[in-house]
>>> print(open('coords29.txt').read())   # compact mmCIF, C-alpha atoms and all ligand atoms
# COMPACT_ATOMS: atom_id res chain seq x y z
CA MET M 1 -85.17 -51.66 -160.46
CA GLU M 2 -84.72 -50.06 -163.87
CA TRP M 3 -81.06 -50.27 -164.92
CA LYS M 4 -79.35 -48.20 -167.59
CA ASP M 5 -80.72 -48.59 -171.13
CA GLY M 6 -83.27 -51.13 -169.94
CA ALA M 7 -80.65 -53.64 -168.75
CA ARG M 8 -81.99 -56.49 -166.65
CA CYS M 9 -79.17 -56.40 -164.10
CA VAL M 10 -75.80 -54.79 -163.52
CA VAL M 11 -72.42 -56.45 -163.04
CA CYS M 12 -69.27 -54.91 -161.56
CA LEU M 13 -65.97 -56.70 -162.02
CA THR M 14 -63.55 -55.43 -159.40
CA PHE M 15 -59.96 -56.29 -158.53
CA ASP M 16 -58.24 -55.42 -155.26
CA PHE M 17 -54.67 -54.90 -156.43
CA ASP M 18 -52.99 -55.43 -153.04
CA ALA M 19 -49.73 -56.82 -154.44
CA ASP M 20 -47.58 -57.66 -151.38
CA THR M 21 -49.07 -55.04 -149.01
CA SER M 22 -51.68 -57.37 -147.55
CA TRP M 23 -49.07 -60.07 -146.90
CA ARG M 24 -46.88 -57.60 -145.05
CA ASN M 25 -49.83 -56.74 -142.81
CA ILE M 26 -50.60 -60.41 -142.23
CA MET M 27 -46.99 -61.03 -141.15
CA ARG M 28 -47.07 -58.07 -138.73
CA ARG M 29 -50.34 -59.30 -137.28
CA ASN M 30 -48.74 -62.68 -136.66
CA ASN M 31 -45.81 -60.99 -134.91
CA ILE M 32 -43.36 -61.89 -137.66
CA GLU M 33 -40.89 -59.03 -137.53
CA ARG M 34 -38.92 -59.67 -140.68
CA ASP M 35 -40.52 -59.79 -144.12
CA ASN M 36 -40.43 -63.24 -145.60
CA PRO M 37 -39.41 -62.88 -149.26
CA VAL M 38 -41.39 -65.88 -150.47
CA VAL M 39 -44.58 -64.67 -148.80
CA LEU M 40 -44.11 -61.24 -150.38
CA SER M 41 -43.46 -62.87 -153.74
CA ILE M 42 -47.01 -64.23 -153.79
CA GLY M 43 -48.19 -60.62 -153.90
CA GLU M 44 -45.52 -59.60 -156.41
CA TYR M 45 -47.05 -62.10 -158.79
CA ALA M 46 -49.81 -59.52 -159.36
CA PRO M 47 -47.83 -56.76 -161.10
CA ARG M 48 -45.44 -59.23 -162.79
CA ALA M 49 -47.82 -61.74 -164.32
CA ALA M 50 -51.44 -61.44 -163.24
CA VAL M 51 -52.35 -57.85 -164.06
CA PRO M 52 -51.13 -58.14 -167.69
CA ARG M 53 -53.20 -61.32 -168.16
CA ILE M 54 -56.31 -59.75 -166.62
CA LEU M 55 -55.96 -56.58 -168.71
CA LYS M 56 -55.68 -58.72 -171.83
CA LEU M 57 -58.82 -60.63 -170.88
CA LEU M 58 -60.82 -57.46 -170.19
CA LYS M 59 -59.63 -55.95 -173.47
CA SER M 60 -60.71 -59.01 -175.41
CA HIS M 61 -64.23 -58.46 -174.05
CA GLU M 62 -64.04 -54.67 -174.39
CA LEU M 63 -64.95 -54.34 -170.73
CA ARG M 64 -63.99 -51.75 -168.12
CA ALA M 65 -63.45 -52.84 -164.53
CA GLY M 66 -62.68 -51.26 -161.17
CA PHE M 67 -59.24 -51.72 -159.60
CA PHE M 68 -58.92 -50.82 -155.90
CA VAL M 69 -55.26 -49.98 -155.43
CA PRO M 70 -53.40 -49.17 -152.18
CA GLY M 71 -51.37 -45.98 -152.66
CA GLU M 72 -48.19 -47.82 -151.83
CA VAL M 73 -48.77 -50.16 -154.78
CA ALA M 74 -49.18 -47.13 -157.06
CA ASP M 75 -45.90 -45.70 -155.72
CA ARG M 76 -43.93 -48.94 -156.00
CA PHE M 77 -45.42 -50.36 -159.20
CA PRO M 78 -46.34 -47.20 -161.13
CA ASP M 79 -46.02 -48.79 -164.59
CA SER M 80 -48.53 -51.46 -163.71
CA VAL M 81 -51.04 -48.96 -162.29
CA LYS M 82 -50.51 -46.60 -165.24
CA GLU M 83 -51.30 -49.45 -167.59
CA ILE M 84 -54.58 -50.09 -165.77
CA HIS M 85 -55.45 -46.41 -165.93
CA SER M 86 -54.54 -46.00 -169.58
CA ALA M 87 -56.77 -48.97 -170.47
CA ASP M 88 -59.61 -46.81 -169.08
CA HIS M 89 -60.32 -48.89 -165.99
CA GLU M 90 -61.32 -47.15 -162.79
CA LEU M 91 -58.75 -46.67 -160.02
CA GLY M 92 -60.39 -46.91 -156.61
CA HIS M 93 -58.99 -46.13 -153.16
CA HIS M 94 -57.79 -49.07 -151.07
CA GLY M 95 -55.85 -47.32 -148.30
CA TYR M 96 -52.15 -46.50 -148.54
CA SER M 97 -50.35 -49.44 -146.92
CA HIS M 98 -53.39 -51.76 -146.76
CA THR M 99 -53.62 -51.23 -143.01
CA ASN M 100 -56.93 -52.36 -141.56
CA PRO M 101 -58.92 -49.18 -140.63
CA ALA M 102 -60.59 -51.02 -137.75
CA ARG M 103 -57.14 -51.49 -136.16
CA SER M 104 -56.04 -47.88 -136.80
CA THR M 105 -56.35 -44.71 -134.76
CA LEU M 106 -58.37 -41.85 -136.22
CA SER M 107 -55.23 -39.96 -137.25
CA GLU M 108 -53.66 -43.08 -138.80
CA GLU M 109 -56.83 -43.72 -140.78
CA LYS M 110 -56.88 -40.10 -141.95
CA GLU M 111 -53.28 -40.27 -143.06
CA GLU M 112 -53.87 -43.52 -144.98
CA LEU M 113 -56.79 -41.88 -146.75
CA GLU M 114 -54.86 -38.77 -147.73
CA ARG M 115 -51.70 -40.56 -148.83
CA GLY M 116 -53.71 -43.14 -150.77
CA SER M 117 -55.66 -40.46 -152.65
CA ASP M 118 -52.52 -38.50 -153.49
CA ALA M 119 -50.67 -41.56 -154.79
CA LEU M 120 -53.51 -42.48 -157.17
CA ALA M 121 -53.92 -38.86 -158.27
CA LYS M 122 -50.23 -38.87 -159.23
CA ILE M 123 -51.03 -41.61 -161.76
CA SER M 124 -54.43 -40.55 -163.05
CA GLY M 125 -54.52 -36.81 -162.41
CA VAL M 126 -57.71 -37.15 -160.35
CA LYS M 127 -58.54 -38.28 -156.84
CA PRO M 128 -60.37 -41.60 -156.67
CA ALA M 129 -64.17 -41.51 -156.45
CA GLY M 130 -64.60 -44.78 -154.62
CA TYR M 131 -63.19 -46.62 -151.64
CA ARG M 132 -62.97 -50.22 -150.52
CA ALA M 133 -61.59 -50.70 -147.03
CA PRO M 134 -58.41 -52.80 -146.76
CA ALA M 135 -59.21 -56.23 -145.30
CA ALA M 136 -62.91 -55.37 -145.82
CA ASP M 137 -62.98 -53.83 -142.38
CA MET M 138 -64.19 -50.36 -141.37
CA SER M 139 -63.77 -48.28 -138.24
CA PRO M 140 -66.57 -46.23 -136.65
CA HIS M 141 -64.99 -43.17 -138.34
CA THR M 142 -64.66 -44.50 -141.88
CA TYR M 143 -67.90 -43.11 -143.34
CA SER M 144 -67.34 -39.58 -141.96
CA LEU M 145 -63.76 -39.56 -143.24
CA LEU M 146 -64.96 -40.68 -146.68
CA VAL M 147 -67.57 -37.91 -147.00
CA GLU M 148 -65.07 -35.41 -145.61
CA HIS M 149 -62.72 -36.38 -148.45
CA GLY M 150 -65.49 -36.09 -151.02
CA LEU M 151 -65.74 -39.76 -151.98
CA LEU M 152 -68.76 -40.73 -154.05
CA TYR M 153 -69.05 -44.33 -152.90
CA ASN M 154 -67.80 -47.01 -150.52
CA SER M 155 -67.77 -50.71 -151.39
CA THR M 156 -67.20 -52.66 -148.20
CA MET M 157 -70.46 -53.37 -146.37
CA MET M 158 -72.29 -56.70 -146.73
CA ASN M 159 -75.88 -55.88 -145.91
CA ASP M 160 -77.89 -55.60 -149.12
CA ASP M 161 -78.59 -57.00 -152.59
CA LEU M 162 -78.56 -53.53 -154.12
CA PRO M 163 -76.58 -50.32 -153.72
CA TYR M 164 -77.99 -47.86 -151.22
CA ILE M 165 -77.38 -44.34 -150.00
CA VAL M 166 -75.89 -43.54 -146.59
CA GLU M 167 -76.49 -40.09 -145.09
CA VAL M 168 -73.47 -38.96 -143.10
CA GLU M 169 -73.31 -35.54 -141.49
CA GLY M 170 -75.74 -34.10 -144.03
CA LYS M 171 -73.89 -35.58 -147.01
CA ARG M 172 -74.72 -38.57 -149.17
CA ILE M 173 -72.45 -41.46 -150.06
CA VAL M 174 -73.42 -44.52 -152.08
CA GLU M 175 -72.66 -47.95 -150.63
CA LEU M 176 -71.96 -50.69 -153.17
CA PRO M 177 -72.18 -53.82 -151.00
CA ILE M 178 -70.00 -56.89 -151.45
CA ARG M 179 -70.28 -60.44 -150.10
CA TRP M 180 -67.74 -63.08 -149.14
CA MET M 181 -69.31 -65.64 -151.43
CA LEU M 182 -68.41 -63.43 -154.41
CA ASP M 183 -64.80 -62.92 -153.27
CA ASP M 184 -62.08 -65.04 -154.90
CA TRP M 185 -59.87 -65.02 -151.79
CA VAL M 186 -62.41 -66.99 -149.79
CA HIS M 187 -62.41 -69.79 -152.35
CA PHE M 188 -58.83 -69.85 -153.54
CA GLY M 189 -56.72 -68.06 -150.91
CA PHE M 190 -53.93 -70.28 -149.66
CA ASN M 191 -50.49 -70.00 -148.16
CA MET M 192 -48.27 -72.32 -146.11
CA PHE M 193 -47.10 -69.49 -143.87
CA PRO M 194 -47.98 -67.79 -141.54
CA SER M 195 -49.71 -70.99 -140.58
CA LEU M 196 -52.85 -69.44 -139.15
CA ALA M 197 -53.65 -67.26 -142.12
CA TYR M 198 -55.26 -68.16 -145.39
CA GLN M 199 -55.44 -71.89 -145.40
CA SER M 200 -59.01 -72.00 -146.54
CA GLY M 201 -57.87 -74.24 -149.35
CA ILE M 202 -57.61 -74.32 -153.12
CA SER M 203 -61.03 -74.80 -154.64
CA SER M 204 -61.59 -76.21 -158.08
CA GLN M 205 -62.53 -73.65 -160.71
CA GLU M 206 -65.60 -75.74 -161.46
CA LYS M 207 -66.90 -75.40 -157.93
CA VAL M 208 -66.39 -71.65 -157.87
CA PHE M 209 -67.85 -71.25 -161.35
CA GLU M 210 -70.89 -73.14 -160.12
CA ILE M 211 -71.29 -70.85 -157.08
CA TRP M 212 -70.71 -67.62 -158.99
CA SER M 213 -72.77 -68.50 -162.06
CA ALA M 214 -75.70 -69.70 -159.94
CA GLU M 215 -75.62 -66.43 -158.02
CA PHE M 216 -75.39 -64.48 -161.26
CA GLU M 217 -78.39 -66.33 -162.74
CA ALA M 218 -80.45 -65.58 -159.62
CA VAL M 219 -79.38 -61.93 -159.59
CA TYR M 220 -80.26 -61.71 -163.28
CA GLU M 221 -83.68 -63.21 -162.65
CA GLU M 222 -84.41 -60.74 -159.84
CA GLY M 223 -82.93 -57.77 -161.72
CA LEU M 224 -80.37 -56.95 -159.03
CA TYR M 225 -76.68 -56.13 -158.89
CA PHE M 226 -73.68 -58.48 -159.00
CA MET M 227 -70.45 -57.22 -157.44
CA LEU M 228 -67.51 -59.57 -157.93
CA THR M 229 -64.44 -58.94 -155.74
CA MET M 230 -61.25 -60.43 -157.08
CA HIS M 231 -57.50 -60.09 -156.51
CA PRO M 232 -55.04 -60.21 -159.42
CA GLN M 233 -52.68 -62.49 -157.44
CA ILE M 234 -55.53 -65.00 -156.98
CA MET M 235 -57.63 -64.70 -160.12
CA GLY M 236 -54.83 -63.84 -162.53
CA VAL M 237 -53.35 -67.34 -162.71
CA PRO M 238 -53.96 -69.02 -166.08
CA SER M 239 -56.72 -71.49 -165.22
CA ARG M 240 -58.72 -69.08 -163.05
CA SER M 241 -58.55 -66.36 -165.69
CA LYS M 242 -60.06 -68.87 -168.08
CA MET M 243 -62.87 -69.46 -165.61
CA LEU M 244 -63.48 -65.72 -165.39
CA ASP M 245 -63.53 -65.62 -169.18
CA ARG M 246 -66.28 -68.26 -169.14
CA LEU M 247 -68.26 -66.32 -166.56
CA ILE M 248 -68.03 -63.12 -168.62
CA GLN M 249 -69.17 -65.06 -171.69
CA LEU M 250 -72.21 -66.28 -169.77
CA MET M 251 -73.03 -62.72 -168.67
CA LYS M 252 -72.64 -61.33 -172.16
CA SER M 253 -74.73 -64.12 -173.69
CA LYS M 254 -77.82 -62.72 -171.96
CA GLY M 255 -77.65 -59.64 -174.14
CA ASP M 256 -79.15 -57.30 -171.53
CA VAL M 257 -76.61 -57.18 -168.72
CA TRP M 258 -74.98 -53.84 -167.99
CA ILE M 259 -71.31 -54.48 -167.11
CA ALA M 260 -70.08 -51.24 -165.59
CA THR M 261 -67.38 -49.75 -163.38
CA PRO M 262 -68.35 -49.21 -159.73
CA LYS M 263 -68.18 -45.45 -160.25
CA GLU M 264 -70.72 -45.66 -163.08
CA VAL M 265 -73.04 -47.73 -160.89
CA ALA M 266 -72.69 -45.29 -157.97
CA GLU M 267 -73.44 -42.31 -160.22
CA TYR M 268 -76.43 -44.09 -161.69
CA TRP M 269 -77.71 -45.00 -158.24
CA LEU M 270 -77.46 -41.42 -156.99
CA GLN M 271 -79.62 -40.32 -159.94
CA HIS M 272 -82.09 -43.19 -160.23
CA GLY M 273 -81.70 -45.41 -157.19
CA GLU M 274 -84.78 -44.33 -155.33
CA GLU M 275 -87.12 -44.17 -158.33
ZN ZN O 301 -57.11 -55.63 -150.23
>>> encode(input="coords29.txt", output="structure tokens", more="lines below")
Ligand SMILES: [Zn+2]
Amino acid sequence: MEWKDGARCVVCLTFDFDADTSWRNIMRRNNIERDNPVVLSIGEYAPRAAVPRILKLLKSHELRAGFFVPGEVADRFPDSVKEIHSADHELGHHGYSHTNPARSTLSEEKEELERGSDALAKISGVKPAGYRAPAADMSPHTYSLLVEHGLLYNSTMMNDDLPYIVEVEGKRIVELPIRWMLDDWVHFGFNMFPSLAYQSGISSQEKVFEIWSAEFEAVYEEGLYFMLTMHPQIMGVPSRSKMLDRLIQLMKSKGDVWIATPKEVAEYWLQHGEE
């Protein structure tokens, strides 16, 4: 694969800015009727402390990233989302209320898609070009709804090392696959409550750096694509941000790694992907 300007591989740094929306969904799924303020506060950490730290880190490296933002987060924390947009990062679609599309009816999924697009357009003036399904889960209708709404790419499937094109009802949409191994929640996600959810543990930064950097080195060697999925509330704490800083330094030290927004990669793939 020939990447832009002769780069050996491409890297996308992406952040799913769920704030407290995902926690609210987790509570509902565990039949907890009333919102628990402490559980929600874990998500509120994102706009209060984590996003500013992450933006500072990206700025220090002069890098642009992709932020997948539920519309509700844009409505409730507009200053935070505006700050992301004005730093020239990409705003991607991540539903409206972070409701899992696989657990939604067709009309609910449609409404989430429309409201989510409108909320982001209120901040940036344009509808988002890309989508990542909340909870990394899609319904049988998701692809057709995405092409119907004119989205350029989806970033949810886990079936390839490279982007690929999906033909849906005569239209083309780029898939930018992800994988659990390159998702910070899997390694660091933890909460005491609800007891069944997210007790995978708190990994050491060293262990995760080892996993991510080894994968990056292998991707670099094979000339592929490296899509990192992070969450501000997880990755934006001081010590993990430092680990991300180290990972970025490693990527930059190669001198021929293209670090791009997902939209840039999708556009490039549409043009050159099958060459
Ligand atoms: Zn999410």
>>> residues_around(input="coords29.txt", residues="Ile54 (chain M)", least_positions_apart="4", cutoff="12 Å", atoms="only C-alpha atoms", output="PyMOL selection string")
chain M and resi 13-15+17+46-50+58-61+63-67+80+83-84+87+89+230-245
>>> residues_near_ligand(input="coords29.txt", ligand="ligand ZN 301 (chain O)", cutoff="9 Å", atoms="all atoms listed in the file", output="count of residues only")
19
>>> atom_distance(input="coords29.txt", atom1="CA of Tyr220 (chain M)", atom2="CA of Asp160 (chain M)")
15.6 Å
>>> residues_around(input="coords29.txt", residues="Ala260 (chain M)", least_positions_apart="3", cutoff="12 Å", atoms="only C-alpha atoms", output="NGL selection string")
:M and (3-4 or 7 or 9-14 or 62-66 or 88-90 or 225-228 or 257 or 263-268)
>>> write_last_selection(input="coords29.txt", atoms="C-alpha atoms", output="CSV table (one decimal), in the coordinates of the input")
chain,number,residue,atom,x,y,z
M,3,TRP,CA,-81.1,-50.3,-164.9
M,4,LYS,CA,-79.4,-48.2,-167.6
M,7,ALA,CA,-80.6,-53.6,-168.8
M,9,CYS,CA,-79.2,-56.4,-164.1
M,10,VAL,CA,-75.8,-54.8,-163.5
M,11,VAL,CA,-72.4,-56.4,-163.0
M,12,CYS,CA,-69.3,-54.9,-161.6
M,13,LEU,CA,-66.0,-56.7,-162.0
M,14,THR,CA,-63.6,-55.4,-159.4
M,62,GLU,CA,-64.0,-54.7,-174.4
M,63,LEU,CA,-65.0,-54.3,-170.7
M,64,ARG,CA,-64.0,-51.8,-168.1
M,65,ALA,CA,-63.4,-52.8,-164.5
M,66,GLY,CA,-62.7,-51.3,-161.2
M,88,ASP,CA,-59.6,-46.8,-169.1
M,89,HIS,CA,-60.3,-48.9,-166.0
M,90,GLU,CA,-61.3,-47.2,-162.8
M,225,TYR,CA,-76.7,-56.1,-158.9
M,226,PHE,CA,-73.7,-58.5,-159.0
M,227,MET,CA,-70.4,-57.2,-157.4
M,228,LEU,CA,-67.5,-59.6,-157.9
M,257,VAL,CA,-76.6,-57.2,-168.7
M,263,LYS,CA,-68.2,-45.4,-160.2
M,264,GLU,CA,-70.7,-45.7,-163.1
M,265,VAL,CA,-73.0,-47.7,-160.9
M,266,ALA,CA,-72.7,-45.3,-158.0
M,267,GLU,CA,-73.4,-42.3,-160.2
M,268,TYR,CA,-76.4,-44.1,-161.7
>>> closest_residue(input="coords29.txt", among="M:Leu55, M:Met1, M:Leu91, M:Leu224", to="Gly125 (chain M)", atoms="all atoms listed in the file")
M:Leu91
>>> closest_residue(input="coords29.txt", among="M:Ser86, M:Gly189, M:Asp183, M:Val147", to="Gly43 (chain M)", atoms="all atoms listed in the file")
M:Gly189
>>> closest_residue(input="coords29.txt", among="M:His141, M:Lys82, M:Arg34, M:Lys127", to="Ser104 (chain M)", atoms="only C-alpha atoms")
M:His141
>>> atom_distance(input="coords29.txt", atom1="CA of Val219 (chain M)", atom2="CA of Val51 (chain M)")
27.7 Å
>>> atom_distance(input="coords29.txt", atom1="CA of Met157 (chain M)", atom2="CA of His85 (chain M)")
25.6 Å
>>> closest_residue(input="coords29.txt", among="M:Gly170, M:Ile123, M:Leu57, M:Asp184", to="Arg246 (chain M)", atoms="all atoms listed in the file")
M:Leu57
>>> closest_residue(input="coords29.txt", among="M:Val168, M:Leu162, M:Ile173, M:Ile178", to="Gly130 (chain M)", atoms="only C-alpha atoms")
M:Ile173
>>> axis_aligned_box(input="coords29.txt", around="region 141-148 of chain M", padding_each_side="4 Å", output="JSON")
{"center_x": -65.8, "center_y": -40.0, "center_z": -142.7, "size_x": 12.1, "size_y": 17.1, "size_z": 16.7}
>>> closest_residue(input="coords29.txt", among="M:Ile211, M:Ala129, M:Met192, M:Val73", to="Val39 (chain M)", atoms="only C-alpha atoms")
M:Met192
>>> decode(input="coords29.txt", residues="region 170-185 of chain M", atoms="N, CA and C atoms", output="CSV table (one decimal), in the first residue's frame")
chain,number,residue,atom,x,y,z
M,170,GLY,N,-25.9,0.6,-3.9
M,170,GLY,CA,-25.3,1.4,-5.0
M,170,GLY,C,-24.4,2.5,-4.6
M,171,LYS,N,-24.2,2.7,-3.2
M,171,LYS,CA,-23.3,3.8,-2.8
M,171,LYS,C,-22.1,3.2,-2.1
M,172,ARG,N,-21.1,4.0,-2.0
M,172,ARG,CA,-19.8,3.5,-1.4
M,172,ARG,C,-19.6,4.2,0.0
M,173,ILE,N,-19.2,3.4,0.9
M,173,ILE,CA,-18.8,4.0,2.2
M,173,ILE,C,-17.5,3.3,2.7
M,174,VAL,N,-16.6,4.1,3.2
M,174,VAL,CA,-15.3,3.5,3.6
M,174,VAL,C,-15.4,3.0,5.1
M,175,GLU,N,-14.9,1.8,5.3
M,175,GLU,CA,-14.9,1.3,6.7
M,175,GLU,C,-13.4,1.4,7.2
M,176,LEU,N,-13.3,2.1,8.3
M,176,LEU,CA,-12.0,2.2,9.0
M,176,LEU,C,-12.0,1.3,10.2
M,177,PRO,N,-11.5,0.0,10.1
M,177,PRO,CA,-11.7,-0.9,11.2
M,177,PRO,C,-10.9,-0.6,12.4
M,178,ILE,N,-11.5,-1.1,13.5
M,178,ILE,CA,-10.8,-0.9,14.8
M,178,ILE,C,-10.5,-2.3,15.4
M,179,ARG,N,-9.9,-2.3,16.6
M,179,ARG,CA,-9.8,-3.6,17.3
M,179,ARG,C,-9.7,-3.4,18.8
M,180,TRP,N,-10.2,-4.4,19.5
M,180,TRP,CA,-10.3,-4.2,21.0
M,180,TRP,C,-8.9,-4.0,21.6
M,181,MET,N,-7.9,-4.7,21.0
M,181,MET,CA,-6.6,-4.6,21.6
M,181,MET,C,-6.0,-3.1,21.5
M,182,LEU,N,-6.5,-2.3,20.6
M,182,LEU,CA,-6.1,-1.0,20.5
M,182,LEU,C,-7.1,0.0,21.0
M,183,ASP,N,-7.8,-0.4,22.0
M,183,ASP,CA,-8.9,0.4,22.7
M,183,ASP,C,-8.5,0.5,24.2
M,184,ASP,N,-8.4,1.8,24.6
M,184,ASP,CA,-7.9,2.0,26.0
M,184,ASP,C,-8.9,1.4,27.0
M,185,TRP,N,-10.2,1.4,26.7
M,185,TRP,CA,-11.2,0.9,27.7
M,185,TRP,C,-10.9,-0.5,28.1
